[in-house]
$ cat coords-v8.pdb   # PDB, C-alpha atoms, pLDDT in the B column
ATOM      1  CA  MET A   1       0.000   0.000   0.000  1.00 55.00           C
ATOM      2  CA  LYS A   2       2.856   2.334   0.808  1.00 65.00           C
ATOM      3  CA  THR A   3       4.569   1.662  -2.503  1.00 71.00           C
ATOM      4  CA  LYS A   4       1.466   2.637  -4.494  1.00 70.00           C
ATOM      5  CA  SER A   5       1.140   5.961  -2.690  1.00 73.00           C
ATOM      6  CA  TYR A   6       4.902   6.454  -3.019  1.00 73.00           C
ATOM      7  CA  ILE A   7       4.733   5.822  -6.799  1.00 77.00           C
ATOM      8  CA  PHE A   8       1.700   8.126  -7.187  1.00 72.00           C
ATOM      9  CA  SER A   9       3.439  10.895  -5.267  1.00 77.00           C
ATOM     10  CA  ILE A  10       6.571  10.559  -7.462  1.00 79.00           C
ATOM     11  CA  LEU A  11       4.446  10.561 -10.644  1.00 73.00           C
ATOM     12  CA  GLY A  12       2.445  13.534  -9.346  1.00 74.00           C
ATOM     13  CA  ALA A  13       5.604  15.499  -8.507  1.00 73.00           C
ATOM     14  CA  THR A  14       7.079  14.697 -11.931  1.00 78.00           C
ATOM     15  CA  LEU A  15       3.877  15.780 -13.666  1.00 74.00           C
ATOM     16  CA  VAL A  16       3.732  19.057 -11.709  1.00 74.00           C
ATOM     17  CA  THR A  17       7.400  19.753 -12.489  1.00 76.00           C
ATOM     18  CA  LEU A  18       6.882  19.131 -16.216  1.00 70.00           C
ATOM     19  CA  LEU A  19       3.802  21.344 -16.387  1.00 69.00           C
ATOM     20  CA  THR A  20       5.466  24.138 -14.427  1.00 69.00           C
ATOM     21  CA  GLY A  21       8.581  23.992 -16.602  1.00 61.00           C
ATOM     22  CA  CYS A  22       6.627  24.106 -19.858  1.00 55.00           C
ATOM     23  CA  THR A  23       4.481  26.965 -18.639  1.00 53.00           C
ATOM     24  CA  ALA A  24       7.507  29.003 -17.527  1.00 50.00           C
ATOM     25  CA  SER A  25       9.293  28.486 -20.841  1.00 54.00           C
ATOM     26  CA  HIS A  26       6.114  29.521 -22.700  1.00 55.00           C
ATOM     27  CA  PHE A  27       5.923  32.826 -20.778  1.00 56.00           C
ATOM     28  CA  GLU A  28       9.634  33.512 -21.268  1.00 57.00           C
ATOM     29  CA  LYS A  29       9.128  33.495 -25.039  1.00 57.00           C
ATOM     30  CA  ASP A  30       6.436  36.186 -24.750  1.00 58.00           C
ATOM     31  CA  LYS A  31       8.680  38.488 -22.692  1.00 67.00           C
ATOM     32  CA  ASN A  32      11.445  38.574 -25.313  1.00 70.00           C
ATOM     33  CA  ILE A  33       9.289  40.026 -28.096  1.00 75.00           C
ATOM     34  CA  GLN A  34      10.680  43.402 -29.216  1.00 79.00           C
ATOM     35  CA  THR A  35       9.301  45.980 -31.616  1.00 83.00           C
ATOM     36  CA  VAL A  36      11.688  47.085 -34.348  1.00 83.00           C
ATOM     37  CA  TYR A  37      11.062  50.379 -36.149  1.00 84.00           C
ATOM     38  CA  VAL A  38      12.500  50.838 -39.622  1.00 81.00           C
ATOM     39  CA  GLY A  39      12.973  54.340 -41.007  1.00 79.00           C
ATOM     40  CA  TYR A  40      13.715  55.657 -44.472  1.00 73.00           C
ATOM     41  CA  ASP A  41      15.890  58.784 -44.537  1.00 74.00           C
ATOM     42  CA  LYS A  42      15.766  59.826 -48.193  1.00 75.00           C
ATOM     43  CA  GLN A  43      13.416  62.734 -48.821  1.00 70.00           C
ATOM     44  CA  ALA A  44      10.922  62.808 -51.653  1.00 71.00           C
ATOM     45  CA  VAL A  45      11.733  64.630 -54.875  1.00 76.00           C
ATOM     46  CA  ILE A  46      10.163  68.089 -54.993  1.00 73.00           C
ATOM     47  CA  PRO A  47       7.778  68.247 -57.949  1.00 80.00           C
ATOM     48  CA  PRO A  48       8.265  71.130 -60.393  1.00 80.00           C
ATOM     49  CA  GLY A  49       6.104  74.177 -59.774  1.00 80.00           C
ATOM     50  CA  VAL A  50       5.826  73.666 -56.006  1.00 80.00           C
ATOM     51  CA  VAL A  51       6.475  76.811 -53.955  1.00 81.00           C
ATOM     52  CA  ARG A  52       7.776  76.307 -50.422  1.00 81.00           C
ATOM     53  CA  TYR A  53       7.144  78.982 -47.804  1.00 87.00           C
ATOM     54  CA  CYS A  54       9.378  79.940 -44.859  1.00 88.00           C
ATOM     55  CA  TRP A  55       8.339  81.814 -41.708  1.00 90.00           C
ATOM     56  CA  GLU A  56      10.032  85.189 -41.296  1.00 91.00           C
ATOM     57  CA  GLU A  57      10.285  86.162 -37.630  1.00 91.00           C
ATOM     58  CA  PRO A  58       8.867  89.515 -36.485  1.00 92.00           C
ATOM     59  CA  VAL A  59      11.255  92.371 -35.638  1.00 93.00           C
ATOM     60  CA  VAL A  60      10.763  93.831 -32.151  1.00 93.00           C
ATOM     61  CA  GLU A  61      12.369  96.772 -30.345  1.00 93.00           C
ATOM     62  CA  TYR A  62      12.778  97.166 -26.605  1.00 93.00           C
ATOM     63  CA  GLN A  63      12.226 100.722 -25.336  1.00 90.00           C
ATOM     64  CA  ASP A  64      13.174 101.672 -21.774  1.00 89.00           C
ATOM     65  CA  ASN A  65      10.700 104.094 -20.197  1.00 84.00           C
ATOM     66  CA  GLY A  66      11.797 105.682 -16.945  1.00 84.00           C
ATOM     67  CA  PRO A  67       9.689 106.533 -13.923  1.00 86.00           C
ATOM     68  CA  GLY A  68       7.773 109.794 -13.612  1.00 85.00           C
ATOM     69  CA  LEU A  69       4.386 111.480 -13.689  1.00 84.00           C
ATOM     70  CA  ASN A  70       2.028 110.966 -16.557  1.00 78.00           C
ATOM     71  CA  GLY A  71       1.182 113.736 -19.050  1.00 77.00           C
ATOM     72  CA  ASP A  72      -1.646 115.160 -16.858  1.00 83.00           C
ATOM     73  CA  ARG A  73       0.561 114.912 -13.762  1.00 80.00           C
ATOM     74  CA  THR A  74      -2.138 112.972 -11.916  1.00 83.00           C
ATOM     75  CA  TYR A  75      -0.318 109.765 -10.989  1.00 83.00           C
ATOM     76  CA  TYR A  76       3.215 108.391 -10.729  1.00 86.00           C
ATOM     77  CA  GLN A  77       4.262 105.798 -13.267  1.00 82.00           C
ATOM     78  CA  PRO A  78       7.096 103.319 -12.409  1.00 86.00           C
ATOM     79  CA  SER A  79       9.778 102.469 -14.954  1.00 88.00           C
ATOM     80  CA  TYR A  80       9.052  99.731 -17.471  1.00 89.00           C
ATOM     81  CA  VAL A  81      10.266  98.270 -20.756  1.00 92.00           C
ATOM     82  CA  ALA A  82       7.962  98.616 -23.752  1.00 91.00           C
ATOM     83  CA  ILE A  83       8.171  96.074 -26.549  1.00 91.00           C
ATOM     84  CA  ARG A  84       7.277  97.499 -29.912  1.00 91.00           C
ATOM     85  CA  MET A  85       6.834  95.402 -33.025  1.00 91.00           C
ATOM     86  CA  SER A  86       8.376  97.301 -35.932  1.00 91.00           C
ATOM     87  CA  LYS A  87       7.784  94.528 -38.493  1.00 92.00           C
ATOM     88  CA  GLN A  88       5.255  91.714 -38.279  1.00 92.00           C
ATOM     89  CA  GLY A  89       6.172  88.108 -38.938  1.00 92.00           C
ATOM     90  CA  LYS A  90       4.987  86.673 -42.230  1.00 92.00           C
ATOM     91  CA  TRP A  91       5.196  83.701 -44.550  1.00 92.00           C
ATOM     92  CA  ARG A  92       7.298  84.315 -47.644  1.00 89.00           C
ATOM     93  CA  PRO A  93       8.548  82.063 -50.459  1.00 86.00           C
ATOM     94  CA  CYS A  94      11.840  80.390 -49.521  1.00 81.00           C
ATOM     95  CA  ARG A  95      14.955  81.106 -51.524  1.00 74.00           C
ATOM     96  CA  SER A  96      15.650  78.122 -53.723  1.00 63.00           C
ATOM     97  CA  VAL A  97      18.947  76.273 -53.509  1.00 61.00           C
ATOM     98  CA  PRO A  98      20.615  75.211 -56.802  1.00 60.00           C
ATOM     99  CA  SER A  99      20.051  71.538 -56.030  1.00 59.00           C
ATOM    100  CA  GLU A 100      16.331  72.185 -55.514  1.00 57.00           C
ATOM    101  CA  VAL A 101      16.115  73.890 -58.895  1.00 57.00           C
ATOM    102  CA  ARG A 102      17.331  70.641 -60.442  1.00 59.00           C
ATOM    103  CA  GLY A 103      14.589  68.767 -58.544  1.00 57.00           C
ATOM    104  CA  GLU A 104      16.769  67.352 -55.767  1.00 57.00           C
ATOM    105  CA  THR A 105      16.554  67.881 -52.037  1.00 54.00           C
ATOM    106  CA  LYS A 106      19.273  69.470 -49.909  1.00 54.00           C
ATOM    107  CA  ASN A 107      20.506  66.067 -48.712  1.00 51.00           C
ATOM    108  CA  GLU A 108      21.176  64.792 -52.237  1.00 46.00           C
ATOM    109  CA  ARG A 109      23.909  67.335 -53.047  1.00 41.00           C
TER     110      ARG A 109
END

$ encode --input "coords-v8.pdb" --output "structure tokens"
Amino acid sequence: MKTKSYIFSILGATLVTLLTGCTASHFEKDKNIQTVYVGYDKQAVIPPGVVRYCWEEPVVEYQDNGPGLNGDRTYYQPSYVAIRMSKQGKWRPCRSVPSEVRGETKNER
């Protein structure tokens, strides 16, 4: 009677070990999956007749204004810096590079 229970316990332990080992190896395969991103660096050819626009930054001036009374002499005004925009920013056509005139991009020179 003892030998049967001894054999069943050995078979049960072996079965549990096999199932646990297979399950662990199955999960290890899932953890090693990595995503690989592939990029393509060459730019597209610029079609003829396309006009590219560049942003031209605005021109600003900083004007120091000192402390003093206002024009009516009713209240005191502390010193401050006024920012005046002398030229607004705008979109303008970009200057073409010789390689772009031939239909290439800047990286193909």

$ resolve_selection --input "coords-v8.pdb" --expression "the PyMOL selection byres ((chain A and resi 48-61) around 6)" --output "list in words"
Pro47, Tyr62, Ile83, Arg84, Met85, Ser86, Lys87, Gln88, Gly89, Lys90, Trp91, Arg92, Pro93 and Cys94 of chain A

$ residues_near_point --input "coords-v8.pdb" --point "(8.0, 100.5, -19.4)" --cutoff "10 Å" --atoms "all atoms listed in the file" --output "list of chain:residue names"
A:Tyr62, A:Gln63, A:Asp64, A:Asn65, A:Gly66, A:Pro67, A:Gln77, A:Pro78, A:Ser79, A:Tyr80, A:Val81, A:Ala82, A:Ile83

$ write_last_selection --input "coords-v8.pdb" --atoms "C-alpha atoms" --output "compact mmCIF listing (two decimals), in the frame of the given file"
# COMPACT_ATOMS: atom_id res chain seq x y z
CA TYR A 62 12.78 97.17 -26.60
CA GLN A 63 12.23 100.72 -25.34
CA ASP A 64 13.17 101.67 -21.77
CA ASN A 65 10.70 104.09 -20.20
CA GLY A 66 11.80 105.68 -16.94
CA PRO A 67 9.69 106.53 -13.92
CA GLN A 77 4.26 105.80 -13.27
CA PRO A 78 7.10 103.32 -12.41
CA SER A 79 9.78 102.47 -14.95
CA TYR A 80 9.05 99.73 -17.47
CA VAL A 81 10.27 98.27 -20.76
CA ALA A 82 7.96 98.62 -23.75
CA ILE A 83 8.17 96.07 -26.55

$ atom_distance --input "coords-v8.pdb" --atom1 "CA of Thr3 in chain A" --atom2 "CA of Thr17 in chain A"
20.9 Å

$ axis_aligned_box --input "coords-v8.pdb" --around "range 6-13 of chain A" --padding-each-side "4 Å" --output "JSON"
{"center_x": 4.1, "center_y": 10.7, "center_z": -6.8, "size_x": 12.9, "size_y": 17.7, "size_z": 15.6}
